[in-house]
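Source file: query_9.cif; contents: mmCIF, C-alpha atoms.
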data_upload
loop_
_atom_site.group_PDB
_atom_site.id
_atom_site.type_symbol
_atom_site.label_atom_id
_atom_site.label_comp_id
_atom_site.auth_asym_id
_atom_site.auth_seq_id
_atom_site.Cartn_x
_atom_site.Cartn_y
_atom_site.Cartn_z
ATOM 1 C CA MET A 826 57.488 -36.524 -178.957
ATOM 2 C CA THR A 827 54.471 -38.651 -179.913
ATOM 3 C CA ILE A 828 53.440 -39.190 -176.301
ATOM 4 C CA LEU A 829 53.770 -35.454 -175.608
ATOM 5 C CA LEU A 830 51.573 -34.642 -178.609
ATOM 6 C CA MET A 831 48.995 -37.244 -177.538
ATOM 7 C CA GLY A 832 48.936 -35.753 -174.044
ATOM 8 C CA ILE A 833 48.487 -32.204 -175.330
ATOM 9 C CA ALA A 834 45.716 -33.332 -177.683
ATOM 10 C CA LEU A 835 43.891 -35.203 -174.921
ATOM 11 C CA PHE A 836 44.319 -32.604 -172.166
ATOM 12 C CA LEU A 837 43.485 -29.570 -174.264
ATOM 13 C CA GLY A 838 40.932 -31.561 -176.262
ATOM 14 C CA VAL A 839 38.690 -32.198 -173.250
ATOM 15 C CA HIS A 840 39.044 -28.566 -172.237
ATOM 16 C CA LEU A 841 38.223 -27.485 -175.779
ATOM 17 C CA LEU A 842 35.172 -29.761 -175.815
ATOM 18 C CA ALA A 843 33.778 -27.917 -172.803
ATOM 19 C CA THR A 844 33.734 -24.674 -174.811
ATOM 20 C CA PHE A 845 31.221 -26.184 -177.224
ATOM 21 C CA ARG A 846 28.256 -25.695 -174.937
ATOM 22 C CA GLU A 847 25.696 -27.628 -176.987
ATOM 23 C CA VAL A 848 27.946 -30.680 -177.212
ATOM 24 C CA ARG A 849 28.679 -30.366 -173.499
ATOM 25 C CA GLU A 850 24.972 -30.171 -172.648
ATOM 26 C CA ASN A 851 24.215 -33.192 -174.846
ATOM 27 C CA LEU A 852 26.877 -35.232 -173.050
ATOM 28 C CA ILE A 853 25.543 -34.146 -169.660
ATOM 29 C CA ASN A 854 21.982 -35.024 -170.694
ATOM 30 C CA LYS A 855 23.097 -38.400 -172.032
ATOM 31 C CA TYR A 856 25.436 -39.463 -169.210
ATOM 32 C CA GLY A 857 24.503 -37.194 -166.296
ATOM 33 C CA LEU A 858 26.509 -34.376 -164.744
ATOM 34 C CA LYS A 859 28.380 -36.632 -162.336
ATOM 35 C CA ASN A 860 29.523 -39.033 -165.087
ATOM 36 C CA TYR A 861 30.403 -36.134 -167.393
ATOM 37 C CA LYS A 862 32.599 -34.569 -164.697
ATOM 38 C CA LEU A 863 34.161 -37.939 -163.891
ATOM 39 C CA GLY A 864 34.963 -38.653 -167.553
ATOM 40 C CA TYR A 865 36.214 -35.107 -168.118
ATOM 41 C CA SER A 866 38.473 -35.280 -165.061
ATOM 42 C CA LEU A 867 39.771 -38.739 -165.904
ATOM 43 C CA LEU A 868 40.663 -37.774 -169.482
ATOM 44 C CA ALA A 869 42.263 -34.511 -168.318
ATOM 45 C CA VAL A 870 44.404 -36.335 -165.735
ATOM 46 C CA ILE A 871 45.473 -38.952 -168.287
ATOM 47 C CA GLY A 872 46.329 -36.155 -170.721
ATOM 48 C CA LEU A 873 48.338 -34.322 -168.073
ATOM 49 C CA LEU A 874 50.250 -37.475 -167.144
ATOM 50 C CA LEU A 875 51.019 -38.096 -170.822
ATOM 51 C CA ILE A 876 52.264 -34.499 -171.136
ATOM 52 C CA VAL A 877 54.548 -34.855 -168.112
ATOM 53 C CA TYR A 878 55.882 -38.243 -169.213
ATOM 54 C CA GLY A 879 56.108 -37.266 -172.884
ATOM 55 C CA PHE A 880 57.921 -33.996 -172.203
ATOM 56 C CA GLY A 881 60.346 -35.776 -169.868
ATOM 57 C CA ALA A 882 61.010 -38.446 -172.499
ATOM 58 C CA TYR A 883 61.461 -35.803 -175.193
ATOM 59 C CA ARG A 884 63.987 -33.908 -173.024
ATOM 60 C CA ALA A 885 65.835 -37.132 -172.184
ATOM 61 C CA GLU A 886 66.237 -37.905 -175.906
ATOM 62 C CA GLY A 887 67.751 -34.473 -176.520
ATOM 63 C CA LEU A 888 66.143 -31.152 -177.265
ATOM 64 C CA ILE A 889 65.478 -30.134 -180.839
ATOM 65 C CA GLN A 890 66.718 -26.557 -180.627
ATOM 66 C CA ILE A 891 65.003 -24.120 -183.013
ATOM 67 C CA TRP A 892 66.361 -20.846 -181.626
ATOM 68 C CA ASP A 893 68.302 -19.569 -178.645
ATOM 69 C CA PRO A 894 66.275 -17.113 -176.569
ATOM 70 C CA PRO A 895 68.277 -14.136 -175.284
ATOM 71 C CA ASN A 896 69.227 -14.370 -171.620
ATOM 72 C CA TRP A 897 67.283 -11.202 -170.700
ATOM 73 C CA MET A 898 64.012 -12.981 -171.529
ATOM 74 C CA ARG A 899 64.448 -15.008 -168.339
ATOM 75 C CA HIS A 900 63.675 -11.884 -166.321
ATOM 76 C CA LEU A 901 60.542 -11.138 -168.316
ATOM 77 C CA ALA A 902 59.494 -14.779 -167.997
ATOM 78 C CA MET A 903 59.947 -14.699 -164.230
ATOM 79 C CA LEU A 904 57.777 -11.571 -163.985
ATOM 80 C CA LEU A 905 55.056 -13.182 -166.122
ATOM 81 C CA VAL A 906 55.054 -16.345 -164.004
ATOM 82 C CA TRP A 907 54.788 -14.270 -160.821
ATOM 83 C CA ILE A 908 51.791 -12.478 -162.347
ATOM 84 C CA ALA A 909 50.327 -15.878 -163.267
ATOM 85 C CA PHE A 910 50.572 -17.092 -159.665
ATOM 86 C CA ILE A 911 48.951 -13.933 -158.319
ATOM 87 C CA ALA A 912 46.183 -14.191 -160.925
ATOM 88 C CA LEU A 913 45.562 -17.809 -159.986
ATOM 89 C CA ALA A 914 45.546 -16.988 -156.270
ATOM 90 C CA SER A 915 43.091 -14.119 -156.852
ATOM 91 C CA ARG A 916 40.581 -16.611 -158.196
ATOM 92 C CA ARG A 917 40.245 -18.222 -154.780
ATOM 93 C CA ALA A 918 40.941 -15.233 -152.550
ATOM 94 C CA PRO A 919 38.112 -14.700 -150.060
ATOM 95 C CA GLY A 920 35.790 -11.726 -150.354
ATOM 96 C CA SER A 921 35.941 -9.080 -153.013
ATOM 97 C CA SER A 922 39.098 -8.586 -155.019
ATOM 98 C CA ARG A 923 40.047 -5.753 -157.312
ATOM 99 C CA ILE A 924 42.618 -7.988 -158.988
ATOM 100 C CA ARG A 925 40.035 -10.673 -159.753
ATOM 101 C CA GLY A 926 37.592 -8.053 -161.070
ATOM 102 C CA TRP A 927 40.265 -6.360 -163.135
ATOM 103 C CA LEU A 928 41.374 -9.660 -164.711
ATOM 104 C CA ARG A 929 37.762 -10.872 -165.119
ATOM 105 C CA HIS A 930 38.903 -14.461 -165.802
ATOM 106 C CA PRO A 931 41.997 -14.884 -163.625
ATOM 107 C CA THR A 932 42.600 -18.542 -164.461
ATOM 108 C CA LEU A 933 42.782 -17.763 -168.166
ATOM 109 C CA VAL A 934 45.123 -14.843 -167.482
ATOM 110 C CA ALA A 935 47.293 -17.203 -165.412
ATOM 111 C CA ILE A 936 47.404 -19.815 -168.183
ATOM 112 C CA LYS A 937 48.294 -17.242 -170.828
ATOM 113 C CA ALA A 938 50.966 -15.525 -168.693
ATOM 114 C CA TRP A 939 52.510 -18.875 -167.668
ATOM 115 C CA ALA A 940 52.509 -20.222 -171.232
ATOM 116 C CA LEU A 941 53.895 -17.010 -172.749
ATOM 117 C CA ALA A 942 56.646 -16.880 -170.121
ATOM 118 C CA HIS A 943 57.728 -20.417 -170.889
ATOM 119 C CA LEU A 944 57.438 -19.878 -174.636
ATOM 120 C CA LEU A 945 59.811 -16.899 -174.373
ATOM 121 C CA VAL A 946 62.572 -18.946 -172.738
ATOM 122 C CA ASN A 947 62.172 -22.313 -174.448
ATOM 123 C CA GLY A 948 63.523 -22.246 -177.965
ATOM 124 C CA ASP A 949 63.274 -25.990 -178.497
ATOM 125 C CA LEU A 950 60.590 -27.660 -180.607
ATOM 126 C CA GLY A 951 58.954 -29.605 -177.775
ATOM 127 C CA GLY A 952 58.792 -26.562 -175.507
ATOM 128 C CA MET A 953 57.424 -24.405 -178.287
ATOM 129 C CA ILE A 954 54.715 -26.961 -179.073
ATOM 130 C CA LEU A 955 53.794 -27.493 -175.416
ATOM 131 C CA PHE A 956 53.714 -23.889 -174.266
ATOM 132 C CA GLY A 957 52.463 -22.561 -177.590
ATOM 133 C CA SER A 958 49.515 -24.977 -177.393
ATOM 134 C CA PHE A 959 48.587 -23.769 -173.928
ATOM 135 C CA LEU A 960 48.917 -20.130 -174.976
ATOM 136 C CA ALA A 961 46.752 -20.711 -178.045
ATOM 137 C CA PHE A 962 44.146 -22.496 -175.928
ATOM 138 C CA GLY A 963 44.135 -19.659 -173.382
ATOM 139 C CA VAL A 964 43.539 -17.087 -176.111
ATOM 140 C CA TYR A 965 40.858 -19.240 -177.742
ATOM 141 C CA ASP A 966 39.082 -19.901 -174.441
ATOM 142 C CA ARG A 967 39.053 -16.199 -173.543
ATOM 143 C CA ILE A 968 37.405 -15.428 -176.886
ATOM 144 C CA SER A 969 34.963 -18.294 -176.341
ATOM 145 C CA VAL A 970 34.029 -17.056 -172.857
ATOM 146 C CA LYS A 971 33.469 -13.547 -174.185
ATOM 147 C CA LYS A 972 31.242 -14.821 -177.018
ATOM 148 C CA ARG A 973 29.144 -16.728 -174.474
ATOM 149 C CA GLY A 974 28.559 -13.446 -172.657
ATOM 150 C CA ASP A 975 30.396 -14.492 -169.508
ATOM 151 C CA ALA A 976 31.650 -11.175 -168.132
ATOM 152 C CA GLY A 977 33.692 -12.913 -165.454
ATOM 153 C CA ALA A 978 34.395 -11.624 -161.979
ATOM 154 C CA PRO A 979 32.617 -8.431 -160.974
ATOM 155 C CA ARG A 980 34.586 -5.199 -160.792
ATOM 156 C CA CYS A 981 35.636 -3.904 -157.391
ATOM 157 C CA ASP A 982 36.226 -0.186 -156.770
ATOM 158 C CA ARG A 983 39.130 -0.510 -154.381
ATOM 159 C CA PHE A 984 41.736 -2.941 -153.207
ATOM 160 C CA ALA A 985 40.427 -5.290 -150.551
ATOM 161 C CA ARG A 986 41.619 -7.996 -148.199
ATOM 162 C CA GLY A 987 41.255 -10.543 -150.999
ATOM 163 C CA ASP A 988 43.858 -8.668 -153.019
ATOM 164 C CA LEU A 989 46.383 -8.771 -150.200
ATOM 165 C CA ILE A 990 45.764 -12.492 -149.766
ATOM 166 C CA ALA A 991 46.098 -13.095 -153.527
ATOM 167 C CA VAL A 992 49.420 -11.223 -153.721
ATOM 168 C CA ALA A 993 50.798 -12.915 -150.592
ATOM 169 C CA ALA A 994 49.642 -16.422 -151.525
ATOM 170 C CA GLY A 995 50.640 -16.043 -155.175
ATOM 171 C CA THR A 996 54.077 -14.714 -154.228
ATOM 172 C CA ALA A 997 54.642 -17.465 -151.645
ATOM 173 C CA LEU A 998 53.737 -20.179 -154.142
ATOM 174 C CA TYR A 999 55.860 -18.496 -156.815
ATOM 175 C CA VAL A 1000 58.932 -18.454 -154.540
ATOM 176 C CA LEU A 1001 58.346 -22.082 -153.557
ATOM 177 C CA VAL A 1002 58.135 -23.166 -157.206
ATOM 178 C CA LEU A 1003 61.278 -21.147 -158.056
ATOM 179 C CA PHE A 1004 63.263 -23.138 -155.529
ATOM 180 C CA LEU A 1005 61.631 -26.495 -156.319
ATOM 181 C CA HIS A 1006 61.719 -26.045 -160.109
ATOM 182 C CA PRO A 1007 65.003 -28.000 -160.568
ATOM 183 C CA TRP A 1008 63.612 -30.996 -158.695
ATOM 184 C CA LEU A 1009 60.100 -30.824 -160.092
ATOM 185 C CA PHE A 1010 60.937 -30.034 -163.716
ATOM 186 C CA GLY A 1011 64.667 -30.582 -164.100
ATOM 187 C CA VAL A 1012 65.435 -26.966 -164.968
ATOM 188 C CA ALA A 1013 67.045 -24.460 -162.618
ATOM 189 C CA VAL A 1014 65.343 -21.090 -162.908
ATOM 190 C CA LEU A 1015 67.584 -19.285 -160.447
ATOM 191 C CA GLN A 1016 71.015 -19.283 -162.027
ATOM 192 C CA SER A 1017 74.136 -17.766 -160.561
#
Turn the structure described in the file into structure tokens.
Amino acid sequence: MTILLMGIALFLGVHLLATFREVRENLINKYGLKNYKLGYSLLAVIGLLLIVYGFGAYRAEGLIQIWDPPNWMRHLAMLLVWIAFIALASRRAPGSSRIRGWLRHPTLVAIKAWALAHLLVNGDLGGMILFGSFLAFGVYDRISVKKRGDAGAPRCDRFARGDLIAVAAGTALYVLVLFLHPWLFGVAVLQS
């Protein structure tokens, strides 16, 4: 569990640091934008690798079960993850997008939906810490963005080609991850 906690602290820590704009600017002024981005990326990747390794090691040692989520929550979780993939895809969809404008900050919506979904179906201590941390960060970052005056993506009056692409791409990636989930993460989502 220690490695998992270190990974969460490092990964979310560098992301949290970026929300403190004055500190961020001071680092950029001191080391340059290129070195700041390189250091940020390197620490984030190390943190992510520690999370993956630490969570795998924690699961291999045996889960510390806190509560047993009801089976029906799986369906809600699957819906939330699908929404997360569409939100994430809308961020990069070409042209205008009503979905992107409606969500304003689609990546943050994706993080929060993904984390909440996994928090609903993981009643073990490690899962609750991991997904709860990401959910808390997503909520914090959304508040931080709003305080900075970043309105996010512009509103769009009607659905556009970008929306169709976001739904199609998000759904395709969602289906792919559903089928690969047992091999990627060791947990079968689609149960008979």
Residues selected by the PyMOL selection byres ((chain A and resi 837) around 9), written as a PyMOL selection string: chain A and resi 832-836+838-842+869+872+958-959+962
Write out, as a compact mmCIF listing (two decimals), keeping the file's coordinate frame, the residues just selected, with C-alpha atoms.
# COMPACT_ATOMS: atom_id res chain seq x y z
CA GLY A 832 48.94 -35.75 -174.04
CA ILE A 833 48.49 -32.20 -175.33
CA ALA A 834 45.72 -33.33 -177.68
CA LEU A 835 43.89 -35.20 -174.92
CA PHE A 836 44.32 -32.60 -172.17
CA GLY A 838 40.93 -31.56 -176.26
CA VAL A 839 38.69 -32.20 -173.25
CA HIS A 840 39.04 -28.57 -172.24
CA LEU A 841 38.22 -27.48 -175.78
CA LEU A 842 35.17 -29.76 -175.82
CA ALA A 869 42.26 -34.51 -168.32
CA GLY A 872 46.33 -36.16 -170.72
CA SER A 958 49.52 -24.98 -177.39
CA PHE A 959 48.59 -23.77 -173.93
CA PHE A 962 44.15 -22.50 -175.93
Long-range neighbours of stretch 843-845 of chain A as JSON, numbers by chain, 9 Å cut-off, only C-alpha atoms, 6 positions minimum in chain: {"A": [865, 966, 969, 970]}
If the box runs along x, y and z of the file and leaves 6 Å on each side of stretch 828-841 of chain A, what are its centre and edge lengths in Å, one decimal, as AutoDock Vina command-line options?
--center_x 46.0 --center_y -33.3 --center_z -175.4 --size_x 27.5 --size_y 23.7 --size_z 18.4
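Checking A:Arg983, A:Arg849, A:His1006, A:Arg899 one by one against A:Ser921, counting all atoms listed in the file, you find the shortest gap at A:Arg983.
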Residue nearest A:Leu904 among A:Ala942, A:Leu829, A:Val964, A:Leu933 (counting only C-alpha atoms): A:Ala942
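Once the PyMOL selection byres ((chain A and resi 828) around 9) is applied to the depicted file, the selected set reads Met826, Thr827, Leu829, Leu830, Met831, Gly832, Ile833, Leu875, Ile876, Tyr878, Gly879, Phe880, Ala882 and Tyr883 of chain A.
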Excluding stretch 884-892 of chain A and residues on its chain fewer than 2 positions from it, collect all residues at most 9 Å away from it, counting all atoms listed in the file, and give them as a CSV table (one decimal) with C-alpha atoms, in the frame of the given file.
chain,number,residue,atom,x,y,z
A,879,GLY,CA,56.1,-37.3,-172.9
A,880,PHE,CA,57.9,-34.0,-172.2
A,881,GLY,CA,60.3,-35.8,-169.9
A,882,ALA,CA,61.0,-38.4,-172.5
A,894,PRO,CA,66.3,-17.1,-176.6
A,947,ASN,CA,62.2,-22.3,-174.4
A,948,GLY,CA,63.5,-22.2,-178.0
A,949,ASP,CA,63.3,-26.0,-178.5
A,950,LEU,CA,60.6,-27.7,-180.6
A,951,GLY,CA,59.0,-29.6,-177.8
A,952,GLY,CA,58.8,-26.6,-175.5
A,953,MET,CA,57.4,-24.4,-178.3
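From atom CA of A:Ala938 back to atom CA of A:Lys972, the distance works out to 21.4 Å.
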With a distance cut-off of 6 Å and only C-alpha atoms, select the neighbouring residues of A:Ile911, excluding the residue or stretch itself and same-chain residues fewer than 2 positions from it, and output the selection as a PDB file with C-alpha atoms, in the coordinates of the input.
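Saved to selection16.pdb:
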ATOM      1  CA  ILE A 908      51.791 -12.478-162.347  1.00  0.00           C
ATOM      2  CA  ALA A 909      50.327 -15.878-163.267  1.00  0.00           C
ATOM      3  CA  LEU A 913      45.562 -17.809-159.986  1.00  0.00           C
ATOM      4  CA  ALA A 914      45.546 -16.988-156.270  1.00  0.00           C
ATOM      5  CA  ALA A 991      46.098 -13.095-153.527  1.00  0.00           C
ATOM      6  CA  VAL A 992      49.420 -11.223-153.721  1.00  0.00           C
ATOM      7  CA  GLY A 995      50.640 -16.043-155.175  1.00  0.00           C
TER       8      GLY A 995
END
Ground truth for the PyMOL selection byres ((chain A and resi 944) around 9), written as a PyMOL selection string: chain A and resi 902+939-943+945-948+952-957+960
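Atom CA of A:Asp975 is positioned 14.9 Å from atom CA of A:Val934.
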Selected residue of minimal separation from A:Cys981 among A:Tyr999, A:Phe1004, A:Tyr965, A:Trp927, counting only C-alpha atoms: A:Trp927
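Reported to one decimal place, the separation of atom CA of A:Pro1007 from atom CA of A:Leu901 is 19.1 Å.
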Non-local contacts of A:Ala918 (9 Å; all atoms listed in the file; under 3 positions in same chain excluded) as a VMD selection string: chain A and resid 914 to 915 921 to 922 925 986 to 991 994
